[in-house]
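Enquirer: Next comes the structure file structure_18.pdb, holding PDB, C-alpha atoms.
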```pdb
ATOM      1  CA  MET A  10     -10.473 -32.262   4.191  1.00  0.00           C
ATOM      2  CA  PHE A  11     -14.220 -32.898   3.879  1.00  0.00           C
ATOM      3  CA  ASP A  12     -16.635 -31.693   1.262  1.00  0.00           C
ATOM      4  CA  HIS A  13     -19.643 -32.851   3.262  1.00  0.00           C
ATOM      5  CA  VAL A  14     -20.665 -35.266   5.992  1.00  0.00           C
ATOM      6  CA  LYS A  15     -23.987 -37.104   5.874  1.00  0.00           C
ATOM      7  CA  PHE A  16     -25.748 -39.179   8.506  1.00  0.00           C
ATOM      8  CA  GLY A  17     -29.206 -40.455   9.313  1.00  0.00           C
ATOM      9  CA  VAL A  18     -31.498 -39.031  11.973  1.00  0.00           C
ATOM     10  CA  SER A  19     -34.431 -40.636  13.753  1.00  0.00           C
ATOM     11  CA  ASP A  20     -36.626 -37.508  13.724  1.00  0.00           C
ATOM     12  CA  TYR A  21     -36.140 -35.311  10.662  1.00  0.00           C
ATOM     13  CA  VAL A  22     -38.210 -32.385  11.969  1.00  0.00           C
ATOM     14  CA  ALA A  23     -36.545 -32.296  15.400  1.00  0.00           C
ATOM     15  CA  SER A  24     -33.027 -32.688  13.997  1.00  0.00           C
ATOM     16  CA  LYS A  25     -33.521 -30.019  11.366  1.00  0.00           C
ATOM     17  CA  ALA A  26     -34.873 -27.554  13.945  1.00  0.00           C
ATOM     18  CA  PHE A  27     -32.039 -28.345  16.370  1.00  0.00           C
ATOM     19  CA  PHE A  28     -29.133 -28.040  13.922  1.00  0.00           C
ATOM     20  CA  VAL A  29     -30.493 -24.951  12.148  1.00  0.00           C
ATOM     21  CA  LYS A  30     -30.872 -23.090  15.463  1.00  0.00           C
ATOM     22  CA  ALA A  31     -27.770 -24.435  17.233  1.00  0.00           C
ATOM     23  CA  LEU A  32     -25.368 -23.761  14.346  1.00  0.00           C
ATOM     24  CA  HIS A  33     -26.755 -20.374  13.307  1.00  0.00           C
ATOM     25  CA  PRO A  34     -24.402 -18.494  15.699  1.00  0.00           C
ATOM     26  CA  LEU A  35     -21.464 -20.182  13.928  1.00  0.00           C
ATOM     27  CA  GLY A  36     -22.491 -18.766  10.544  1.00  0.00           C
ATOM     28  CA  VAL A  37     -24.216 -21.950   9.358  1.00  0.00           C
ATOM     29  CA  THR A  38     -27.165 -20.161   7.787  1.00  0.00           C
ATOM     30  CA  GLY A  39     -27.677 -21.875   4.426  1.00  0.00           C
ATOM     31  CA  ILE A  40     -30.115 -24.729   4.053  1.00  0.00           C
ATOM     32  CA  THR A  41     -31.163 -26.870   1.126  1.00  0.00           C
ATOM     33  CA  GLU A  42     -34.035 -29.334   1.346  1.00  0.00           C
ATOM     34  CA  TRP A  43     -33.653 -32.777  -0.237  1.00  0.00           C
ATOM     35  CA  PRO A  44     -37.158 -34.297  -0.530  1.00  0.00           C
ATOM     36  CA  PRO A  45     -38.712 -36.248   0.895  1.00  0.00           C
ATOM     37  CA  ASN A  46     -36.870 -36.061   4.254  1.00  0.00           C
ATOM     38  CA  GLY A  47     -33.344 -34.750   3.828  1.00  0.00           C
ATOM     39  CA  PHE A  48     -31.570 -31.468   4.242  1.00  0.00           C
ATOM     40  CA  GLU A  49     -28.131 -29.912   3.951  1.00  0.00           C
ATOM     41  CA  ILE A  50     -26.900 -27.033   6.093  1.00  0.00           C
ATOM     42  CA  TYR A  51     -23.808 -24.956   5.424  1.00  0.00           C
ATOM     43  CA  ASP A  52     -21.920 -21.726   5.931  1.00  0.00           C
ATOM     44  CA  PRO A  53     -22.484 -19.791   2.680  1.00  0.00           C
ATOM     45  CA  ASN A  54     -18.858 -18.584   2.877  1.00  0.00           C
ATOM     46  CA  ALA A  55     -17.329 -22.057   3.236  1.00  0.00           C
ATOM     47  CA  GLU A  56     -17.040 -25.154   1.101  1.00  0.00           C
ATOM     48  CA  VAL A  57     -18.293 -27.814   3.513  1.00  0.00           C
ATOM     49  CA  SER A  58     -21.747 -28.946   4.495  1.00  0.00           C
ATOM     50  CA  LEU A  59     -23.600 -31.232   6.851  1.00  0.00           C
ATOM     51  CA  CYS A  60     -26.324 -33.438   5.371  1.00  0.00           C
ATOM     52  CA  MET A  61     -28.984 -35.434   7.204  1.00  0.00           C
ATOM     53  CA  ASP A  62     -31.877 -37.618   6.223  1.00  0.00           C
ATOM     54  CA  GLN A  63     -34.587 -39.597   7.969  1.00  0.00           C
ATOM     55  CA  THR A  64     -33.662 -43.196   8.712  1.00  0.00           C
ATOM     56  CA  ASP A  65     -35.193 -46.124  10.544  1.00  0.00           C
ATOM     57  CA  GLU A  66     -31.712 -47.410  11.381  1.00  0.00           C
ATOM     58  CA  LYS A  67     -30.311 -46.657  14.808  1.00  0.00           C
ATOM     59  CA  PRO A  68     -27.200 -44.602  14.005  1.00  0.00           C
ATOM     60  CA  ALA A  69     -24.110 -44.869  16.176  1.00  0.00           C
ATOM     61  CA  HIS A  70     -23.471 -41.770  18.253  1.00  0.00           C
ATOM     62  CA  LEU A  71     -21.188 -39.232  16.632  1.00  0.00           C
ATOM     63  CA  HIS A  72     -18.986 -36.471  17.975  1.00  0.00           C
ATOM     64  CA  LEU A  73     -19.263 -33.481  15.657  1.00  0.00           C
ATOM     65  CA  ALA A  74     -16.998 -30.501  16.404  1.00  0.00           C
ATOM     66  CA  PHE A  75     -17.688 -27.219  14.621  1.00  0.00           C
ATOM     67  CA  VAL A  76     -15.194 -24.372  14.275  1.00  0.00           C
ATOM     68  CA  ALA A  77     -16.156 -21.143  16.012  1.00  0.00           C
ATOM     69  CA  LYS A  78     -14.551 -17.828  15.102  1.00  0.00           C
ATOM     70  CA  SER A  79     -14.477 -16.572  18.699  1.00  0.00           C
ATOM     71  CA  ARG A  80     -15.194 -17.573  22.278  1.00  0.00           C
ATOM     72  CA  ARG A  81     -18.338 -15.499  22.018  1.00  0.00           C
ATOM     73  CA  GLN A  82     -19.557 -17.701  19.164  1.00  0.00           C
ATOM     74  CA  VAL A  83     -18.961 -20.779  21.339  1.00  0.00           C
ATOM     75  CA  ASP A  84     -21.100 -19.179  24.065  1.00  0.00           C
ATOM     76  CA  GLU A  85     -23.833 -18.273  21.552  1.00  0.00           C
ATOM     77  CA  PHE A  86     -23.801 -21.789  20.081  1.00  0.00           C
ATOM     78  CA  TYR A  87     -24.247 -23.288  23.547  1.00  0.00           C
ATOM     79  CA  ARG A  88     -27.220 -21.054  24.394  1.00  0.00           C
ATOM     80  CA  ALA A  89     -28.867 -21.629  21.005  1.00  0.00           C
ATOM     81  CA  ALA A  90     -28.343 -25.394  21.199  1.00  0.00           C
ATOM     82  CA  LEU A  91     -29.928 -25.594  24.653  1.00  0.00           C
ATOM     83  CA  GLU A  92     -32.844 -23.429  23.495  1.00  0.00           C
ATOM     84  CA  ALA A  93     -33.249 -25.814  20.543  1.00  0.00           C
ATOM     85  CA  GLY A  94     -33.650 -28.768  22.907  1.00  0.00           C
ATOM     86  CA  GLY A  95     -30.048 -29.916  23.291  1.00  0.00           C
ATOM     87  CA  LYS A  96     -28.842 -31.279  26.619  1.00  0.00           C
ATOM     88  CA  ASP A  97     -25.790 -29.878  28.381  1.00  0.00           C
ATOM     89  CA  ASN A  98     -22.662 -31.984  27.980  1.00  0.00           C
ATOM     90  CA  GLY A  99     -20.097 -29.354  28.980  1.00  0.00           C
ATOM     91  CA  ALA A 100     -20.644 -25.612  29.411  1.00  0.00           C
ATOM     92  CA  PRO A 101     -18.451 -23.139  27.523  1.00  0.00           C
ATOM     93  CA  GLY A 102     -14.975 -22.911  28.918  1.00  0.00           C
ATOM     94  CA  LEU A 103     -11.311 -23.649  28.512  1.00  0.00           C
ATOM     95  CA  ARG A 104     -10.275 -27.291  28.214  1.00  0.00           C
ATOM     96  CA  PRO A 105      -6.581 -27.101  29.187  1.00  0.00           C
ATOM     97  CA  ASN A 106      -6.348 -30.893  29.079  1.00  0.00           C
ATOM     98  CA  TYR A 107      -6.521 -30.506  25.256  1.00  0.00           C
ATOM     99  CA  HIS A 108      -4.361 -27.364  25.105  1.00  0.00           C
ATOM    100  CA  ALA A 109      -4.148 -23.937  26.765  1.00  0.00           C
ATOM    101  CA  ASN A 110      -6.464 -22.136  24.302  1.00  0.00           C
ATOM    102  CA  TYR A 111      -9.040 -24.871  23.641  1.00  0.00           C
ATOM    103  CA  TYR A 112     -12.340 -23.093  24.397  1.00  0.00           C
ATOM    104  CA  ALA A 113     -15.346 -25.304  23.752  1.00  0.00           C
ATOM    105  CA  ALA A 114     -18.922 -26.170  24.643  1.00  0.00           C
ATOM    106  CA  PHE A 115     -20.687 -29.503  24.239  1.00  0.00           C
ATOM    107  CA  VAL A 116     -24.354 -30.461  23.917  1.00  0.00           C
ATOM    108  CA  ILE A 117     -26.178 -33.695  23.206  1.00  0.00           C
ATOM    109  CA  GLY A 118     -28.441 -33.396  20.150  1.00  0.00           C
ATOM    110  CA  PRO A 119     -31.760 -35.105  19.362  1.00  0.00           C
ATOM    111  CA  ASP A 120     -30.198 -38.469  18.430  1.00  0.00           C
ATOM    112  CA  GLY A 121     -27.666 -38.517  21.270  1.00  0.00           C
ATOM    113  CA  HIS A 122     -24.794 -37.106  19.224  1.00  0.00           C
ATOM    114  CA  ASN A 123     -22.171 -35.036  21.064  1.00  0.00           C
ATOM    115  CA  ILE A 124     -22.169 -31.663  19.299  1.00  0.00           C
ATOM    116  CA  GLU A 125     -19.276 -29.293  20.012  1.00  0.00           C
ATOM    117  CA  ALA A 126     -18.283 -25.761  19.080  1.00  0.00           C
ATOM    118  CA  VAL A 127     -14.616 -24.938  19.566  1.00  0.00           C
ATOM    119  CA  PHE A 128     -12.337 -21.915  19.279  1.00  0.00           C
ATOM    120  CA  GLN A 129      -8.642 -22.726  19.569  1.00  0.00           C
ATOM    121  CA  GLU A 130      -6.941 -19.330  19.501  1.00  0.00           C
ATOM    122  CA  PRO A 131      -5.827 -17.124  22.398  1.00  0.00           C
ATOM    123  CA  GLU A 132      -8.473 -14.719  23.631  1.00  0.00           C
ATOM    124  CA  ALA A 133      -8.194 -11.347  21.869  1.00  0.00           C
TER     125      ALA A 133
END
```
Transcribe the structure of this file into structure tokens.
Expert:
Amino acid sequence: MFDHVKFGVSDYVASKAFFVKALHPLGVTGITEWPPNGFEIYDPNAEVSLCMDQTDEKPAHLHLAFVAKSRRQVDEFYRAALEAGGKDNGAPGLRPNYHANYYAAFVIGPDGHNIEAVFQEPEA
């Protein structure tokens, strides 16, 4: 549905470091810089991207959910996001209140956004 999503961040350096590290386990390894303080990150094998730029405005908190290709990727995302400075908002695990195979992890990013990785298939 989306080509890209763009939003402002209060600390360009911290947000870039957080998202690059946290999303790397999900295959989000491409990055393009948009001077003076913007960047785009993407999975080189997909057609969508996430764009951010420095802003003085206080952005509303977002909930961004990223597709994982396995439960292991959800676990790796969670560890990487915490190492990158994210705050726990729900450890990896099943969320049967959504549906029986909804396996997700949640962290709060640098601007207070709820960042999720989710795998929705039965365990192999």
Enquirer: I'd like to see the residues matched by the PyMOL selection byres ((chain A and resi 34-36) around 12) on this file, and ideally I'd get them as a ChimeraX atom specification.
Expert: /A:28-33,37-40,50-55,58,74-90,125-128
Enquirer: Find the residues around Phe16 of chain A up to 9 Å (all atoms listed in the file counted), leave out those fewer than 3 positions away in its own chain, and share them as a PDB file with C-alpha atoms, in the coordinates of the input.
Expert:
```pdb
ATOM      1  CA  LEU A  59     -23.600 -31.232   6.851  1.00  0.00           C
ATOM      2  CA  CYS A  60     -26.324 -33.438   5.371  1.00  0.00           C
ATOM      3  CA  MET A  61     -28.984 -35.434   7.204  1.00  0.00           C
ATOM      4  CA  ASP A  62     -31.877 -37.618   6.223  1.00  0.00           C
ATOM      5  CA  GLN A  63     -34.587 -39.597   7.969  1.00  0.00           C
ATOM      6  CA  THR A  64     -33.662 -43.196   8.712  1.00  0.00           C
ATOM      7  CA  PRO A  68     -27.200 -44.602  14.005  1.00  0.00           C
TER       8      PRO A  68
END
```
Enquirer: Smallest atom-to-atom distance to Gly99 of chain A: which of A:Ile117, A:Ala69, A:Trp43, A:Tyr111, using all atoms listed in the file?
Expert: A:Ile117
Enquirer: Find the spatial neighbours of His122 of chain A, counting all atoms listed in the file, within a cut-off of 9 Å - ignore same-chain residues fewer than 2 positions away - and output them as a tab-separated table (two decimals) with C-alpha atoms, in the frame of the given file.
Expert:
```tsv
chain	number	residue	atom	x	y	z
A	69	ALA	CA	-24.11	-44.87	16.18
A	70	HIS	CA	-23.47	-41.77	18.25
A	71	LEU	CA	-21.19	-39.23	16.63
A	72	HIS	CA	-18.99	-36.47	17.98
A	73	LEU	CA	-19.26	-33.48	15.66
A	116	VAL	CA	-24.35	-30.46	23.92
A	117	ILE	CA	-26.18	-33.70	23.21
A	118	GLY	CA	-28.44	-33.40	20.15
A	119	PRO	CA	-31.76	-35.10	19.36
A	120	ASP	CA	-30.20	-38.47	18.43
A	124	ILE	CA	-22.17	-31.66	19.30
```
Enquirer: Any chance you could work out the axis-aligned box around segment 29-45 of chain A, listed atoms only, 8 Å on each side, giving centre and edge lengths in Å to one decimal, as lines of an AutoDock Vina configuration file?
Expert:
```
center_x = -30.1
center_y = -27.4
center_z = 8.4
size_x = 33.2
size_y = 33.8
size_z = 33.8
```
Enquirer: In Å, how far is it from atom CA of Phe11 of chain A to atom CA of Val57 of chain A?
Expert: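 Pair atom CA of Phe11 of chain A / atom CA of Val57 of chain A returns 6.5 Å.
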Enquirer: Counting only C-alpha atoms, figure out which residue out of A:Lys67, A:Pro105, A:Ala26, A:Glu56 gets nearest to Leu91 of chain A.
Expert: A:Ala26
Enquirer: Between atom CA of Asp97 of chain A and atom CA of Asn46 of chain A, what is the distance in Å, rounded to a tenth?
Expert: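 Between atom CA of Asp97 of chain A and atom CA of Asn46 of chain A the gap works out to 27.3 Å.
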Enquirer: I'd like to know which of A:Phe48, A:Asn123, A:Gly94, A:Asp65 is closest to Ala23 of chain A, using only C-alpha atoms.
Expert: A:Gly94
Enquirer: Could you tell me how far atom CA of Gly121 of chain A sits from atom CA of Lys96 of chain A, in Å to one decimal place?
Expert: 9.1 Å
Enquirer: Would you mind telling me which residue in A:Ala113, A:Ala133, A:Gly47, A:Lys15 lies nearest to Asn98 of chain A when using all atoms listed in the file?
Expert: A:Ala113
Enquirer: Run the PyMOL selection byres ((chain A and resi 110) around 7) mentally over the shown coordinates, then write out the matched residues as a list in words, using the chain letters and numbers from the document.
Expert: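 With the PyMOL selection byres ((chain A and resi 110) around 7) on this model, the match is Leu103, Pro105, His108, Ala109, Tyr111, Tyr112, Gln129, Glu130 and Pro131 of chain A.
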Enquirer: Only C-alpha atoms, as a PDB file, in the first residue's frame: that is what I want for chain A.
Expert:
```
ATOM      1  CA  MET A  10       0.000   0.000   0.000  1.00  0.00           C
ATOM      2  CA  PHE A  11       2.750   2.487   0.890  1.00  0.00           C
ATOM      3  CA  ASP A  12       5.703   3.610  -1.148  1.00  0.00           C
ATOM      4  CA  HIS A  13       7.292   5.370   1.812  1.00  0.00           C
ATOM      5  CA  VAL A  14       6.465   6.896   5.176  1.00  0.00           C
ATOM      6  CA  LYS A  15       8.170  10.066   6.390  1.00  0.00           C
ATOM      7  CA  PHE A  16       8.151  11.724   9.794  1.00  0.00           C
ATOM      8  CA  GLY A  17      10.178  14.202  11.790  1.00  0.00           C
ATOM      9  CA  VAL A  18      12.554  13.323  14.606  1.00  0.00           C
ATOM     10  CA  SER A  19      13.857  15.476  17.437  1.00  0.00           C
ATOM     11  CA  ASP A  20      17.415  14.087  17.340  1.00  0.00           C
ATOM     12  CA  TYR A  21      18.597  13.115  13.862  1.00  0.00           C
ATOM     13  CA  VAL A  22      21.788  11.377  15.024  1.00  0.00           C
ATOM     14  CA  ALA A  23      20.085   9.324  17.750  1.00  0.00           C
ATOM     15  CA  SER A  24      17.140   8.346  15.544  1.00  0.00           C
ATOM     16  CA  LYS A  25      19.341   7.343  12.639  1.00  0.00           C
ATOM     17  CA  ALA A  26      21.542   5.188  14.891  1.00  0.00           C
ATOM     18  CA  PHE A  27      18.500   3.590  16.543  1.00  0.00           C
ATOM     19  CA  PHE A  28      16.565   2.711  13.378  1.00  0.00           C
ATOM     20  CA  VAL A  29      19.616   1.520  11.424  1.00  0.00           C
ATOM     21  CA  LYS A  30      20.595  -0.886  14.225  1.00  0.00           C
ATOM     22  CA  ALA A  31      17.098  -1.958  15.311  1.00  0.00           C
ATOM     23  CA  LEU A  32      15.833  -2.732  11.795  1.00  0.00           C
ATOM     24  CA  HIS A  33      18.990  -4.393  10.471  1.00  0.00           C
ATOM     25  CA  PRO A  34      17.845  -7.873  11.644  1.00  0.00           C
ATOM     26  CA  LEU A  35      14.690  -7.403   9.538  1.00  0.00           C
ATOM     27  CA  GLY A  36      16.710  -6.887   6.350  1.00  0.00           C
ATOM     28  CA  VAL A  37      16.470  -3.084   6.414  1.00  0.00           C
ATOM     29  CA  THR A  38      20.070  -2.510   5.375  1.00  0.00           C
ATOM     30  CA  GLY A  39      19.908   0.239   2.747  1.00  0.00           C
ATOM     31  CA  ILE A  40      20.347   3.863   3.698  1.00  0.00           C
ATOM     32  CA  THR A  41      20.335   7.076   1.718  1.00  0.00           C
ATOM     33  CA  GLU A  42      21.282  10.408   3.259  1.00  0.00           C
ATOM     34  CA  TRP A  43      19.215  13.495   2.421  1.00  0.00           C
ATOM     35  CA  PRO A  44      21.268  16.561   3.454  1.00  0.00           C
ATOM     36  CA  PRO A  45      21.285  18.420   5.645  1.00  0.00           C
ATOM     37  CA  ASN A  46      19.500  16.224   8.233  1.00  0.00           C
ATOM     38  CA  GLY A  47      17.393  13.555   6.568  1.00  0.00           C
ATOM     39  CA  PHE A  48      17.735   9.909   5.747  1.00  0.00           C
ATOM     40  CA  GLU A  49      15.822   7.042   4.179  1.00  0.00           C
ATOM     41  CA  ILE A  50      16.187   3.411   5.213  1.00  0.00           C
ATOM     42  CA  TYR A  51      14.894   0.428   3.275  1.00  0.00           C
ATOM     43  CA  ASP A  52      15.102  -3.266   2.519  1.00  0.00           C
ATOM     44  CA  PRO A  53      17.019  -3.439  -0.785  1.00  0.00           C
ATOM     45  CA  ASN A  54      14.702  -6.284  -1.873  1.00  0.00           C
ATOM     46  CA  ALA A  55      11.457  -4.397  -1.207  1.00  0.00           C
ATOM     47  CA  GLU A  56       9.724  -1.354  -2.610  1.00  0.00           C
ATOM     48  CA  VAL A  57       8.985   0.589   0.575  1.00  0.00           C
ATOM     49  CA  SER A  58      11.070   2.894   2.700  1.00  0.00           C
ATOM     50  CA  LEU A  59      11.039   4.857   5.918  1.00  0.00           C
ATOM     51  CA  CYS A  60      12.201   8.477   5.772  1.00  0.00           C
ATOM     52  CA  MET A  61      13.053  10.788   8.662  1.00  0.00           C
ATOM     53  CA  ASP A  62      14.310  14.309   9.025  1.00  0.00           C
ATOM     54  CA  GLN A  63      15.223  16.661  11.843  1.00  0.00           C
ATOM     55  CA  THR A  64      12.360  18.822  13.065  1.00  0.00           C
ATOM     56  CA  ASP A  65      11.764  21.313  15.842  1.00  0.00           C
ATOM     57  CA  GLU A  66       8.093  20.318  15.936  1.00  0.00           C
ATOM     58  CA  LYS A  67       6.979  17.868  18.588  1.00  0.00           C
ATOM     59  CA  PRO A  68       5.674  14.939  16.523  1.00  0.00           C
ATOM     60  CA  ALA A  69       2.745  12.879  17.752  1.00  0.00           C
ATOM     61  CA  HIS A  70       3.726   9.389  18.843  1.00  0.00           C
ATOM     62  CA  LEU A  71       3.463   6.763  16.138  1.00  0.00           C
ATOM     63  CA  HIS A  72       3.055   3.007  16.181  1.00  0.00           C
ATOM     64  CA  LEU A  73       5.224   1.534  13.439  1.00  0.00           C
ATOM     65  CA  ALA A  74       4.955  -2.229  12.858  1.00  0.00           C
ATOM     66  CA  PHE A  75       7.565  -3.906  10.668  1.00  0.00           C
ATOM     67  CA  VAL A  76       7.158  -7.312   9.030  1.00  0.00           C
ATOM     68  CA  ALA A  77       9.563  -9.990  10.219  1.00  0.00           C
ATOM     69  CA  LYS A  78      10.212 -13.136   8.200  1.00  0.00           C
ATOM     70  CA  SER A  79      10.449 -15.380  11.270  1.00  0.00           C
ATOM     71  CA  ARG A  80      10.069 -15.420  15.036  1.00  0.00           C
ATOM     72  CA  ARG A  81      13.840 -15.414  15.216  1.00  0.00           C
ATOM     73  CA  GLN A  82      13.926 -12.090  13.365  1.00  0.00           C
ATOM     74  CA  VAL A  83      11.464 -10.660  15.904  1.00  0.00           C
ATOM     75  CA  ASP A  84      13.807 -11.779  18.701  1.00  0.00           C
ATOM     76  CA  GLU A  85      16.840 -10.294  16.914  1.00  0.00           C
ATOM     77  CA  PHE A  86      15.006  -7.009  16.295  1.00  0.00           C
ATOM     78  CA  TYR A  87      14.138  -6.751  19.987  1.00  0.00           C
ATOM     79  CA  ARG A  88      17.734  -7.329  21.121  1.00  0.00           C
ATOM     80  CA  ALA A  89      19.145  -4.912  18.533  1.00  0.00           C
ATOM     81  CA  ALA A  90      16.579  -2.232  19.389  1.00  0.00           C
ATOM     82  CA  LEU A  91      17.375  -2.435  23.105  1.00  0.00           C
ATOM     83  CA  GLU A  92      21.112  -2.317  22.362  1.00  0.00           C
ATOM     84  CA  ALA A  93      20.439   0.778  20.233  1.00  0.00           C
ATOM     85  CA  GLY A  94      18.843   2.546  23.199  1.00  0.00           C
ATOM     86  CA  GLY A  95      15.201   1.531  22.805  1.00  0.00           C
ATOM     87  CA  LYS A  96      13.071   0.902  25.880  1.00  0.00           C
ATOM     88  CA  ASP A  97      11.156  -2.334  26.374  1.00  0.00           C
ATOM     89  CA  ASN A  98       7.455  -2.084  25.586  1.00  0.00           C
ATOM     90  CA  GLY A  99       6.716  -5.803  25.236  1.00  0.00           C
ATOM     91  CA  ALA A 100       9.216  -8.661  24.976  1.00  0.00           C
ATOM     92  CA  PRO A 101       9.020 -11.101  22.061  1.00  0.00           C
ATOM     93  CA  GLY A 102       6.141 -13.490  22.349  1.00  0.00           C
ATOM     94  CA  LEU A 103       2.769 -14.598  21.110  1.00  0.00           C
ATOM     95  CA  ARG A 104      -0.091 -12.110  21.336  1.00  0.00           C
ATOM     96  CA  PRO A 105      -3.123 -14.436  21.177  1.00  0.00           C
ATOM     97  CA  ASN A 106      -5.431 -11.489  21.836  1.00  0.00           C
ATOM     98  CA  TYR A 107      -4.638 -10.432  18.224  1.00  0.00           C
ATOM     99  CA  HIS A 108      -4.629 -13.971  16.798  1.00  0.00           C
ATOM    100  CA  ALA A 109      -3.067 -17.369  17.545  1.00  0.00           C
ATOM    101  CA  ASN A 110       0.122 -16.823  15.493  1.00  0.00           C
ATOM    102  CA  TYR A 111       0.772 -13.129  16.187  1.00  0.00           C
ATOM    103  CA  TYR A 112       4.390 -13.150  17.426  1.00  0.00           C
ATOM    104  CA  ALA A 113       5.686  -9.664  18.141  1.00  0.00           C
ATOM    105  CA  ALA A 114       8.030  -7.482  20.158  1.00  0.00           C
ATOM    106  CA  PHE A 115       7.653  -3.802  20.997  1.00  0.00           C
ATOM    107  CA  VAL A 116      10.157  -1.093  21.925  1.00  0.00           C
ATOM    108  CA  ILE A 117       9.917   2.639  22.472  1.00  0.00           C
ATOM    109  CA  GLY A 118      12.286   4.556  20.178  1.00  0.00           C
ATOM    110  CA  PRO A 119      14.137   7.846  20.736  1.00  0.00           C
ATOM    111  CA  ASP A 120      11.074  10.062  20.162  1.00  0.00           C
ATOM    112  CA  GLY A 121       8.649   7.882  22.124  1.00  0.00           C
ATOM    113  CA  HIS A 122       7.319   6.003  19.104  1.00  0.00           C
ATOM    114  CA  ASN A 123       6.122   2.422  19.645  1.00  0.00           C
ATOM    115  CA  ILE A 124       8.214   0.318  17.259  1.00  0.00           C
ATOM    116  CA  GLU A 125       7.092  -3.260  16.604  1.00  0.00           C
ATOM    117  CA  ALA A 126       8.366  -6.266  14.687  1.00  0.00           C
ATOM    118  CA  VAL A 127       5.768  -8.921  13.942  1.00  0.00           C
ATOM    119  CA  PHE A 128       5.629 -12.379  12.381  1.00  0.00           C
ATOM    120  CA  GLN A 129       2.112 -13.678  11.800  1.00  0.00           C
ATOM    121  CA  GLU A 130       2.631 -17.218  10.524  1.00  0.00           C
ATOM    122  CA  PRO A 131       2.628 -20.506  12.444  1.00  0.00           C
ATOM    123  CA  GLU A 132       6.009 -21.514  13.809  1.00  0.00           C
ATOM    124  CA  ALA A 133       7.872 -23.757  11.350  1.00  0.00           C
TER     125      ALA A 133
END
```
